[in-house]
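Trainee: Below is one structure. I have some questions about it.
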Amino acid sequence: MDLSSFQSQTAQRLRAEGRAEGRAEGRAANILLLLDHRGVELSDEERERVMGCSDFDTLDLWFRRAVTASSAAGVFDGQEG
């Protein structure tokens, strides 16, 4: 039985998943770098929340908020104060 097609599809799927995970990790690291650079303090739990997130929409939202946020609440909840 020729499994080359299956193996190829599986390999492609795994590579795509790996790339997606890498992009998410990179985006999360950029959020933390930006917040550190801007002097916004995060707890260890908040840092883990960012690094543990794999949803691109959420990461993009947090990144956009991180550009102007002055607190963790500004990043995660969109609230400043």
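For the structure tokens, the naming scheme is as follows: chains receive sequential letters (A, B, ...) according to their order of presentation, residues are indexed from 1 within each chain, and ligands are indexed from 1 in presentation order.
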If we count only C-alpha atoms and set the cut-off at 9 Å, which residues sit around range 62-75 of chain A, ignoring sequence neighbours fewer than 3 positions away in its own chain? Please answer as a ChimeraX atom specification.
Mentor: /A:27-28,30-32,34-35,38-43,46,50,57-59,78-81
Trainee: I'd like the contact shell of Ala24 in chain A - 10 Å cut-off, only C-alpha atoms, skipping same-chain residues fewer than 5 positions apart - returned as a PyMOL selection string.
Mentor: chain A and resi 18-19+29-30+50-56+59-60
Trainee: Keeping only N, CA and C atoms, write the selected residues to a file as a JSON list (two decimals), in the first residue's frame.
Mentor:
```
[["chain", "number", "residue", "atom", "x", "y", "z"],
["A", 18, "GLY", "N", 3.22, 23.83, 13.03],
["A", 18, "GLY", "CA", 4.46, 24.33, 13.63],
["A", 18, "GLY", "C", 4.71, 25.79, 13.29],
["A", 19, "ARG", "N", 4.46, 26.15, 12.04],
["A", 19, "ARG", "CA", 4.63, 27.55, 11.63],
["A", 19, "ARG", "C", 3.64, 28.44, 12.38],
["A", 29, "ALA", "N", 5.80, 37.18, 22.18],
["A", 29, "ALA", "CA", 7.08, 37.74, 22.63],
["A", 29, "ALA", "C", 7.17, 39.22, 22.28],
["A", 30, "ASN", "N", 6.66, 39.61, 21.13],
["A", 30, "ASN", "CA", 6.68, 41.02, 20.73],
["A", 30, "ASN", "C", 5.79, 41.86, 21.64],
["A", 50, "VAL", "N", -0.11, 35.76, 28.15],
["A", 50, "VAL", "CA", 0.31, 36.19, 26.81],
["A", 50, "VAL", "C", 1.04, 35.06, 26.10],
["A", 51, "MET", "N", 2.04, 34.49, 26.75],
["A", 51, "MET", "CA", 2.84, 33.45, 26.10],
["A", 51, "MET", "C", 2.05, 32.17, 25.83],
["A", 52, "GLY", "N", 1.00, 31.94, 26.59],
["A", 52, "GLY", "CA", 0.19, 30.74, 26.41],
["A", 52, "GLY", "C", -0.91, 30.89, 25.38],
["A", 53, "CYS", "N", -1.10, 32.11, 24.88],
["A", 53, "CYS", "CA", -2.18, 32.36, 23.92],
["A", 53, "CYS", "C", -1.73, 31.95, 22.52],
["A", 54, "SER", "N", -2.59, 31.23, 21.83],
["A", 54, "SER", "CA", -2.29, 30.83, 20.45],
["A", 54, "SER", "C", -3.32, 31.35, 19.46],
["A", 55, "ASP", "N", -4.24, 32.18, 19.95],
["A", 55, "ASP", "CA", -5.28, 32.74, 19.09],
["A", 55, "ASP", "C", -4.77, 34.05, 18.48],
["A", 56, "PHE", "N", -4.60, 34.06, 17.15],
["A", 56, "PHE", "CA", -4.03, 35.24, 16.48],
["A", 56, "PHE", "C", -4.89, 36.48, 16.65],
["A", 59, "LEU", "N", -4.16, 37.81, 20.09],
["A", 59, "LEU", "CA", -2.80, 38.37, 20.13],
["A", 59, "LEU", "C", -2.73, 39.69, 19.38],
["A", 60, "ASP", "N", -3.39, 39.78, 18.24],
["A", 60, "ASP", "CA", -3.39, 41.04, 17.48],
["A", 60, "ASP", "C", -4.10, 42.15, 18.26]]
```
Trainee: Using DSSP assignments from the backbone, pull out every residue in chain A that falls under helix (DSSP H, G or I) and give it to me as a PyMOL selection string.
Mentor: chain A and resi 4-38+44-52+56-66+72-76
Trainee: Between CA of Leu33 in chain A and CA of Asp77 in chain A, measure the distance and give it in Å to one decimal.
Mentor: 19.1 Å
